[in-house]
$ cat input-v3.txt   # compact mmCIF, C-alpha atoms
# COMPACT_ATOMS: atom_id res chain seq x y z
CA MET V 1 0.00 0.00 0.00
CA PRO V 2 1.46 3.42 -0.92
CA ALA V 3 2.63 5.55 2.00
CA TYR V 4 0.76 8.84 2.18
CA PHE V 5 0.83 11.29 5.06
CA ILE V 6 -1.36 13.99 6.62
CA ARG V 7 -0.43 16.70 9.08
CA ALA V 8 -1.69 16.02 12.61
CA GLU V 9 -3.59 19.32 12.59
CA ILE V 10 -6.36 17.46 10.75
CA LEU V 11 -7.28 15.84 14.10
CA THR V 12 -7.45 19.10 16.06
CA GLY V 13 -10.44 18.90 18.41
CA PHE V 14 -10.62 15.09 18.26
CA LEU V 15 -10.07 14.59 21.99
CA SER V 16 -12.62 17.17 23.11
CA LEU V 17 -15.24 15.98 20.60
CA SER V 18 -14.72 12.36 21.68
CA GLU V 19 -15.23 13.40 25.29
CA ASP V 20 -18.46 15.22 24.39
CA LEU V 21 -19.71 12.13 22.54
CA GLU V 22 -18.55 9.83 25.36
CA ILE V 23 -16.32 7.59 23.25
CA ASP V 24 -12.86 6.20 24.11
CA ALA V 25 -10.50 8.51 22.21
CA SER V 26 -7.32 6.90 23.57
CA GLY V 27 -8.50 3.43 22.59
CA ILE V 28 -9.43 4.56 19.07
CA LEU V 29 -6.06 6.26 18.63
CA SER V 30 -4.19 3.22 19.99
CA ARG V 31 -5.97 0.83 17.61
CA ASN V 32 -4.72 3.01 14.76
CA ARG V 33 -1.18 3.26 16.17
CA LEU V 34 -1.56 6.88 17.25
CA SER V 35 -1.68 8.61 20.63
CA PRO V 36 -2.87 11.88 22.18
CA GLN V 37 0.77 13.02 22.21
CA LEU V 38 1.22 12.42 18.48
CA ILE V 39 -1.90 14.29 17.40
CA ALA V 40 -1.03 17.22 19.68
CA GLU V 41 1.83 18.30 17.38
CA PRO V 42 0.04 19.98 14.42
CA ASP V 43 2.94 19.79 11.93
CA LEU V 44 3.74 16.14 12.59
CA LEU V 45 3.07 13.94 9.54
CA LEU V 46 0.86 10.96 10.33
CA PRO V 47 0.12 7.94 8.10
CA TYR V 48 -2.95 8.44 5.92
CA GLU V 49 -4.48 5.09 6.86
CA ALA V 50 -4.07 5.84 10.58
CA VAL V 51 -5.86 9.19 10.37
CA THR V 52 -8.71 7.90 8.22
CA GLY V 53 -8.97 4.87 10.49
CA VAL V 54 -9.37 7.10 13.55
CA MET V 55 -12.16 9.06 11.89
CA GLU V 56 -14.03 5.96 10.73
CA ASP V 57 -13.67 4.22 14.11
CA ALA V 58 -14.89 7.34 15.94
CA SER V 59 -17.89 7.57 13.63
CA ARG V 60 -18.83 3.95 14.40
CA ALA V 61 -18.18 4.26 18.13
CA SER V 62 -20.35 7.36 18.43
CA ASN V 63 -22.91 6.16 15.86
CA ARG V 64 -22.53 9.59 14.26
CA ALA V 65 -22.48 9.79 10.47
CA ASP V 66 -21.61 13.46 10.87
CA PHE V 67 -18.62 12.92 13.18
CA SER V 68 -16.14 14.70 10.91
CA GLY V 69 -18.61 17.48 10.21
CA LEU V 70 -18.67 18.14 13.95
CA LEU V 71 -14.88 17.93 14.03
CA ALA V 72 -14.55 20.53 11.25
CA SER V 73 -16.53 23.02 13.34
CA LEU V 74 -13.80 22.85 16.00
CA GLN V 75 -11.00 23.62 13.57
CA GLN V 76 -9.61 26.70 11.82
CA PRO V 77 -11.23 27.78 8.53
CA PHE V 78 -7.99 26.79 6.73
CA PRO V 79 -6.54 23.74 8.55
CA VAL V 80 -3.82 23.26 5.92
CA GLY V 81 -0.70 24.48 7.68
CA ALA V 82 1.52 27.03 5.95
CA PRO V 83 -0.64 27.26 2.77
CA ARG V 84 -3.24 29.03 4.93
CA LEU V 85 -0.90 32.04 4.79
CA LEU V 86 -1.53 32.40 1.07
CA MET V 87 -5.26 31.72 1.37
CA ASN V 88 -5.64 34.33 4.10
CA HIS V 89 -3.90 36.95 1.97
CA ALA V 90 -5.30 36.13 -1.47
CA ALA V 91 -6.77 38.88 -3.63
CA SER V 92 -9.73 36.77 -4.79
CA VAL V 93 -11.57 33.55 -3.99
CA ARG V 94 -10.04 31.97 -7.08
CA GLU V 95 -6.52 32.90 -5.99
CA ALA V 96 -7.20 31.49 -2.52
CA PHE V 97 -8.33 28.09 -3.77
CA VAL V 98 -5.72 27.87 -6.53
CA SER V 99 -3.03 28.43 -3.90
CA HIS V 100 -4.65 25.75 -1.74
CA ILE V 101 -4.69 23.28 -4.64
CA ASP V 102 -1.09 24.05 -5.63
CA HIS V 103 0.28 23.57 -2.12
CA ASN V 104 -2.11 21.06 -0.51
CA HIS V 105 0.57 18.34 -0.75
CA LEU V 106 2.41 20.18 2.05
CA HIS V 107 -0.58 19.29 4.23
CA SER V 108 -1.83 15.98 2.86
CA THR V 109 -0.17 13.76 0.26
CA GLY V 110 -3.19 11.45 0.18
CA ILE V 111 -5.61 13.68 -1.73
CA LEU V 112 -5.64 16.03 -4.70
CA TRP V 113 -8.00 18.87 -5.58
CA HIS V 114 -9.11 20.08 -9.01
CA ILE V 115 -11.19 23.03 -10.19
CA GLU V 116 -13.75 22.20 -12.89
CA GLU V 117 -15.87 24.97 -14.40
CA SER V 118 -18.83 24.38 -16.67
CA GLY V 119 -21.83 26.55 -17.43
CA GLN V 120 -22.88 28.49 -14.36
CA LEU V 121 -21.14 26.22 -11.84
CA THR V 122 -17.67 25.69 -10.46
CA HIS V 123 -16.83 22.38 -8.80
CA LEU V 124 -13.96 21.75 -6.43
CA VAL V 125 -13.28 18.07 -7.01
CA ARG V 126 -11.55 15.99 -4.36
CA GLU V 127 -9.50 13.03 -5.58
CA ASP V 128 -8.58 10.41 -2.99
CA LYS V 129 -5.39 8.52 -3.87
CA MET V 130 -6.54 5.58 -1.72
CA ALA V 131 -10.03 5.39 -3.21
CA GLY V 132 -11.27 1.83 -3.08
CA LYS V 133 -8.45 0.72 -0.77
CA LEU V 134 -9.44 2.29 2.55
CA PRO V 135 -12.76 3.44 4.01
CA SER V 136 -12.46 7.21 4.07
CA PHE V 137 -15.93 8.78 3.96
CA GLN V 138 -15.28 10.71 7.17
CA TYR V 139 -12.12 12.31 5.77
CA ALA V 140 -14.05 13.25 2.61
CA LEU V 141 -16.81 14.74 4.77
CA LEU V 142 -14.20 16.71 6.71
CA SER V 143 -12.66 18.01 3.46
CA LEU V 144 -15.94 19.30 2.02
CA SER V 145 -16.89 20.78 5.38
CA HIS V 146 -13.59 22.65 5.37
CA VAL V 147 -14.34 24.08 1.93
CA VAL V 148 -17.69 25.44 3.13
CA ILE V 149 -16.17 26.90 6.30
CA ALA V 150 -13.29 28.42 4.31
CA MET V 151 -15.70 29.95 1.79
CA ARG V 152 -17.79 31.47 4.57
CA SER V 153 -14.62 32.93 6.08
CA LEU V 154 -13.38 34.34 2.76
CA LEU V 155 -16.73 35.87 1.83
CA LYS V 156 -17.50 36.89 5.41
CA LYS V 157 -20.93 35.28 5.03
CA ASP V 158 -21.76 32.99 7.95
CA HIS V 159 -24.71 31.41 6.17
CA TRP V 160 -23.22 30.86 2.70
CA GLN V 161 -24.11 27.44 1.31
CA PRO V 162 -23.05 25.50 -1.80
CA GLN V 163 -25.42 24.45 -4.56
CA GLN V 164 -24.20 20.85 -4.80
CA LEU V 165 -22.50 18.31 -2.53
CA GLN V 166 -21.50 15.07 -4.23
CA PHE V 167 -19.91 11.99 -2.65
CA SER V 168 -18.53 8.97 -4.48
CA TYR V 169 -19.43 7.00 -1.33
CA ALA V 170 -22.63 5.26 -0.30
CA GLU V 171 -24.77 6.93 2.35
CA PRO V 172 -23.44 5.99 5.82
CA ALA V 173 -25.64 3.76 7.96
CA PHE V 174 -25.18 5.71 11.19
CA ASN V 175 -27.35 8.48 12.64
CA PRO V 176 -28.25 11.14 11.91
CA LYS V 177 -29.10 10.39 8.29
CA LEU V 178 -26.94 12.78 6.30
CA ARG V 179 -29.42 13.85 3.65
CA GLY V 180 -28.14 17.42 3.82
CA LEU V 181 -25.15 19.41 4.98
CA PHE V 182 -24.80 23.16 5.39
CA GLY V 183 -28.29 23.59 3.95
CA THR V 184 -27.53 21.58 0.80
CA ARG V 185 -28.85 18.14 -0.16
CA ILE V 186 -26.16 15.46 -0.44
CA GLU V 187 -25.92 13.28 -3.55
CA TYR V 188 -24.39 9.86 -2.82
CA ASP V 189 -22.94 7.17 -5.11
CA GLN V 190 -21.71 9.77 -7.58
CA ASN V 191 -18.69 9.33 -9.84
CA ARG V 192 -16.75 11.93 -7.86
CA THR V 193 -16.57 13.74 -4.54
CA ALA V 194 -17.08 17.45 -5.17
CA ILE V 195 -18.66 20.67 -3.99
CA GLY V 196 -20.41 22.92 -6.50
CA PHE V 197 -21.30 26.59 -6.32
CA SER V 198 -21.96 29.61 -8.54
CA ARG V 199 -19.08 30.18 -10.94
CA GLU V 200 -19.08 33.95 -10.41
CA ILE V 201 -18.01 33.47 -6.78
CA MET V 202 -14.53 32.42 -7.89
CA ASP V 203 -13.69 35.94 -9.05
CA THR V 204 -15.02 37.69 -5.96
CA SER V 205 -12.47 40.23 -4.77
CA LEU V 206 -11.30 39.84 -1.19
CA GLY V 207 -10.11 43.43 -0.94
CA PRO V 208 -6.66 45.04 -0.91
CA GLN V 209 -3.84 42.93 0.46
CA ASP V 210 -0.63 43.90 2.25
CA PRO V 211 2.24 43.24 -0.22
CA VAL V 212 4.75 42.84 2.61
CA ILE V 213 2.70 40.09 4.27
CA GLN V 214 2.11 38.45 0.88
CA GLU V 215 5.86 38.35 0.19
CA ILE V 216 6.52 36.85 3.62
CA ALA V 217 3.90 34.18 2.91
CA HIS V 218 5.36 33.40 -0.54
CA THR V 219 8.88 33.19 0.89
CA LYS V 220 7.74 30.74 3.56
CA ILE V 221 5.93 28.59 1.00
CA ARG V 222 8.96 28.55 -1.32
CA GLN V 223 11.10 27.32 1.57
CA LEU V 224 8.63 24.56 2.41
CA GLU V 225 8.29 23.54 -1.23
CA TYR V 226 12.07 23.27 -1.54
CA GLN V 227 12.24 21.08 1.57
CA HIS V 228 9.37 18.96 0.27
CA ARG V 229 11.12 18.37 -3.08
CA GLN V 230 14.24 17.17 -1.28
CA THR V 231 12.32 14.54 0.69
CA HIS V 232 9.59 13.73 -1.87
CA PRO V 233 11.10 13.73 -5.39
CA GLN V 234 8.49 14.16 -8.13
CA LEU V 235 7.58 11.05 -10.08
CA ALA V 236 8.66 11.15 -13.68
CA SER V 237 5.80 11.62 -16.12
CA GLY V 238 4.83 8.50 -17.99
CA LEU V 239 2.12 5.98 -18.64
CA ILE V 240 1.89 4.54 -15.11
CA PRO V 241 1.21 7.89 -13.34
CA GLN V 242 -1.35 8.72 -16.03
CA LEU V 243 -3.08 5.36 -15.51
CA GLU V 244 -3.07 5.84 -11.73
CA HIS V 245 -4.68 9.26 -12.15
CA TRP V 246 -7.34 7.86 -14.52
CA ILE V 247 -8.14 4.96 -12.17
CA ARG V 248 -8.56 7.30 -9.17
CA ARG V 249 -10.90 9.55 -11.13
CA HIS V 250 -13.05 6.65 -12.39
CA ILE V 251 -12.77 3.89 -9.77
CA HIS V 252 -16.25 4.54 -8.32
CA ARG V 253 -17.90 3.97 -11.70
$ encode --input "input-v3.txt" --output "structure tokens"
Amino acid sequence: MPAYFIRAEILTGFLSLSEDLEIDASGILSRNRLSPQLIAEPDLLLPYEAVTGVMEDASRASNRADFSGLLASLQQPFPVGAPRLLMNHAASVREAFVSHIDHNHLHSTGILWHIEESGQLTHLVREDKMAGKLPSFQYALLSLSHVVIAMRSLLKKDHWQPQQLQFSYAEPAFNPKLRGLFGTRIEYDQNRTAIGFSREIMDTSLGPQDPVIQEIAHTKIRQLEYQHRQTHPQLASGLIPQLEHWIRRHIHR
């Protein structure tokens, strides 16, 4: 199984939420070879399968299909480490999400994001590199919840809601039945996991930005990208990477 990693910040709030739901957080972490000490260090890289396993186990233990939706509400609008610097100081919504897509691998190497625009809608499409190999609905739910929370923060609209929420997963069997999220009906068993909204939102201006802060953010990101390239050399382009990409995009069909 390929080794992918996620920053521990993705589990911020896990202990307090588990306590509220009266489930054994330490036991769940231990079964997935993690500990309270490990998830307390936000920049620590944790194995993808361990993090997704914690979320799925917590969902079952609490009988909450919306476990990761609750978890997202306890986290920052941009729980993506250093790339949040660029998102926070972007000139437009498009620039914010393009920077997130370009640098998301600094936060999670297990997923990819794409922007697809057609007609009046834009879709942010989430591609899971372990699709079909590990149960990961809760991580997908967390990801789309983060997009909604981030959009509300960028637009400064607490009640903004998307027009579409699509999951390539079956509807979870736990309670409550997740027929809707953030005021939007969920579509299950789709050929992709994506969030759709009005295309014009992408070019919404976020106001004047401080060029000094922007340069500091870009400098920090360049440093992190350089470090990442030293430890994670890029795969050469070729038929196998193209096939892997095609399979991930179509596996749920």
$ residues_near_point --input "input-v3.txt" --point "(-26.4, 24.7, -3.2)" --cutoff "7 Å" --atoms "all atoms listed in the file" --output "compact mmCIF listing (two decimals) with C-alpha atoms, keeping the file's coordinate frame"
# COMPACT_ATOMS: atom_id res chain seq x y z
CA GLN V 161 -24.11 27.44 1.31
CA PRO V 162 -23.05 25.50 -1.80
CA GLN V 163 -25.42 24.45 -4.56
CA GLN V 164 -24.20 20.85 -4.80
CA THR V 184 -27.53 21.58 0.80
CA PHE V 197 -21.30 26.59 -6.32
$ closest_residue --input "input-v3.txt" --among "V:Phe67, V:Tyr188, V:Trp160, V:Trp113" --to "Gly13 (chain V)" --atoms "all atoms listed in the file"
V:Phe67
$ closest_residue --input "input-v3.txt" --among "V:Pro176, V:Pro47, V:Ala61, V:Leu206" --to "Glu19 (chain V)" --atoms "only C-alpha atoms"
V:Ala61
$ residues_near_point --input "input-v3.txt" --point "(0.2, 8.0, 1.9)" --cutoff "8 Å" --atoms "all atoms listed in the file" --output "list in words"
Pro2, Ala3, Tyr4, Phe5, Ile6, Pro47, Tyr48, Glu49, Thr109 and Gly110 of chain V
$ atom_distance --input "input-v3.txt" --atom1 "CA of Gly81 (chain V)" --atom2 "CA of His107 (chain V)"
6.2 Å
$ residues_around --input "input-v3.txt" --residues "Ser35 (chain V)" --least-positions-apart "3" --cutoff "12 Å" --atoms "all atoms listed in the file" --output "PDB file with C-alpha atoms, keeping the file's coordinate frame"
ATOM      1  CA  ALA V   8      -1.690  16.020  12.610  1.00  0.00           C
ATOM      2  CA  LEU V  11      -7.280  15.840  14.100  1.00  0.00           C
ATOM      3  CA  PHE V  14     -10.620  15.090  18.260  1.00  0.00           C
ATOM      4  CA  LEU V  15     -10.070  14.590  21.990  1.00  0.00           C
ATOM      5  CA  ASP V  24     -12.860   6.200  24.110  1.00  0.00           C
ATOM      6  CA  ALA V  25     -10.500   8.510  22.210  1.00  0.00           C
ATOM      7  CA  SER V  26      -7.320   6.900  23.570  1.00  0.00           C
ATOM      8  CA  GLY V  27      -8.500   3.430  22.590  1.00  0.00           C
ATOM      9  CA  ILE V  28      -9.430   4.560  19.070  1.00  0.00           C
ATOM     10  CA  LEU V  29      -6.060   6.260  18.630  1.00  0.00           C
ATOM     11  CA  SER V  30      -4.190   3.220  19.990  1.00  0.00           C
ATOM     12  CA  ARG V  31      -5.970   0.830  17.610  1.00  0.00           C
ATOM     13  CA  ASN V  32      -4.720   3.010  14.760  1.00  0.00           C
ATOM     14  CA  LEU V  38       1.220  12.420  18.480  1.00  0.00           C
ATOM     15  CA  ILE V  39      -1.900  14.290  17.400  1.00  0.00           C
ATOM     16  CA  ALA V  40      -1.030  17.220  19.680  1.00  0.00           C
ATOM     17  CA  GLU V  41       1.830  18.300  17.380  1.00  0.00           C
ATOM     18  CA  LEU V  46       0.860  10.960  10.330  1.00  0.00           C
ATOM     19  CA  ALA V  50      -4.070   5.840  10.580  1.00  0.00           C
ATOM     20  CA  VAL V  51      -5.860   9.190  10.370  1.00  0.00           C
ATOM     21  CA  VAL V  54      -9.370   7.100  13.550  1.00  0.00           C
TER      22      VAL V  54
END
$ atom_distance --input "input-v3.txt" --atom1 "CA of Ala91 (chain V)" --atom2 "CA of Asp203 (chain V)"
9.3 Å
$ decode --input "input-v3.txt" --residues "region 70-88 of chain V" --atoms "N, CA and C atoms" --output "PDB file, in the first residue's frame"
ATOM      1  N   LEU V  70     -18.789  17.526  12.630  1.00  0.00           N
ATOM      2  CA  LEU V  70     -18.667  18.141  13.952  1.00  0.00           C
ATOM      3  C   LEU V  70     -17.219  18.523  14.234  1.00  0.00           C
ATOM      4  N   LEU V  71     -16.298  17.656  13.810  1.00  0.00           N
ATOM      5  CA  LEU V  71     -14.879  17.928  14.032  1.00  0.00           C
ATOM      6  C   LEU V  71     -14.443  19.192  13.287  1.00  0.00           C
ATOM      7  N   ALA V  72     -14.927  19.358  12.064  1.00  0.00           N
ATOM      8  CA  ALA V  72     -14.553  20.531  11.254  1.00  0.00           C
ATOM      9  C   ALA V  72     -14.942  21.831  11.945  1.00  0.00           C
ATOM     10  N   SER V  73     -16.051  21.804  12.673  1.00  0.00           N
ATOM     11  CA  SER V  73     -16.525  23.022  13.341  1.00  0.00           C
ATOM     12  C   SER V  73     -15.610  23.449  14.480  1.00  0.00           C
ATOM     13  N   LEU V  74     -14.730  22.542  14.919  1.00  0.00           N
ATOM     14  CA  LEU V  74     -13.797  22.848  16.005  1.00  0.00           C
ATOM     15  C   LEU V  74     -12.439  23.288  15.474  1.00  0.00           C
ATOM     16  N   GLN V  75     -12.289  23.339  14.168  1.00  0.00           N
ATOM     17  CA  GLN V  75     -10.997  23.621  13.569  1.00  0.00           C
ATOM     18  C   GLN V  75     -10.966  24.985  12.881  1.00  0.00           C
ATOM     19  N   GLN V  76      -9.771  25.430  12.512  1.00  0.00           N
ATOM     20  CA  GLN V  76      -9.611  26.697  11.824  1.00  0.00           C
ATOM     21  C   GLN V  76     -10.263  26.625  10.442  1.00  0.00           C
ATOM     22  N   PRO V  77     -10.649  27.783   9.886  1.00  0.00           N
ATOM     23  CA  PRO V  77     -11.230  27.775   8.525  1.00  0.00           C
ATOM     24  C   PRO V  77     -10.292  27.185   7.479  1.00  0.00           C
ATOM     25  N   PHE V  78      -8.966  27.303   7.693  1.00  0.00           N
ATOM     26  CA  PHE V  78      -7.988  26.786   6.734  1.00  0.00           C
ATOM     27  C   PHE V  78      -7.011  25.855   7.455  1.00  0.00           C
ATOM     28  N   PRO V  79      -7.422  24.632   7.795  1.00  0.00           N
ATOM     29  CA  PRO V  79      -6.536  23.739   8.546  1.00  0.00           C
ATOM     30  C   PRO V  79      -5.542  23.035   7.631  1.00  0.00           C
ATOM     31  N   VAL V  80      -4.729  23.827   6.910  1.00  0.00           N
ATOM     32  CA  VAL V  80      -3.818  23.263   5.920  1.00  0.00           C
ATOM     33  C   VAL V  80      -2.382  23.733   6.147  1.00  0.00           C
ATOM     34  N   GLY V  81      -2.061  24.090   7.380  1.00  0.00           N
ATOM     35  CA  GLY V  81      -0.701  24.478   7.678  1.00  0.00           C
ATOM     36  C   GLY V  81      -0.290  25.768   7.002  1.00  0.00           C
ATOM     37  N   ALA V  82       0.970  25.820   6.544  1.00  0.00           N
ATOM     38  CA  ALA V  82       1.518  27.033   5.949  1.00  0.00           C
ATOM     39  C   ALA V  82       0.723  27.561   4.750  1.00  0.00           C
ATOM     40  N   PRO V  83       0.137  26.714   3.893  1.00  0.00           N
ATOM     41  CA  PRO V  83      -0.641  27.261   2.773  1.00  0.00           C
ATOM     42  C   PRO V  83      -1.776  28.186   3.204  1.00  0.00           C
ATOM     43  N   ARG V  84      -2.199  28.108   4.479  1.00  0.00           N
ATOM     44  CA  ARG V  84      -3.241  29.027   4.933  1.00  0.00           C
ATOM     45  C   ARG V  84      -2.757  30.476   4.854  1.00  0.00           C
ATOM     46  N   LEU V  85      -1.434  30.680   4.911  1.00  0.00           N
ATOM     47  CA  LEU V  85      -0.904  32.037   4.787  1.00  0.00           C
ATOM     48  C   LEU V  85      -1.317  32.658   3.460  1.00  0.00           C
ATOM     49  N   LEU V  86      -1.175  31.889   2.389  1.00  0.00           N
ATOM     50  CA  LEU V  86      -1.528  32.399   1.066  1.00  0.00           C
ATOM     51  C   LEU V  86      -3.039  32.560   0.932  1.00  0.00           C
ATOM     52  N   MET V  87      -3.804  31.622   1.469  1.00  0.00           N
ATOM     53  CA  MET V  87      -5.261  31.716   1.373  1.00  0.00           C
ATOM     54  C   MET V  87      -5.773  32.943   2.125  1.00  0.00           C
ATOM     55  N   ASN V  88      -5.196  33.194   3.289  1.00  0.00           N
ATOM     56  CA  ASN V  88      -5.638  34.332   4.099  1.00  0.00           C
ATOM     57  C   ASN V  88      -5.320  35.673   3.461  1.00  0.00           C
TER      58      ASN V  88
END
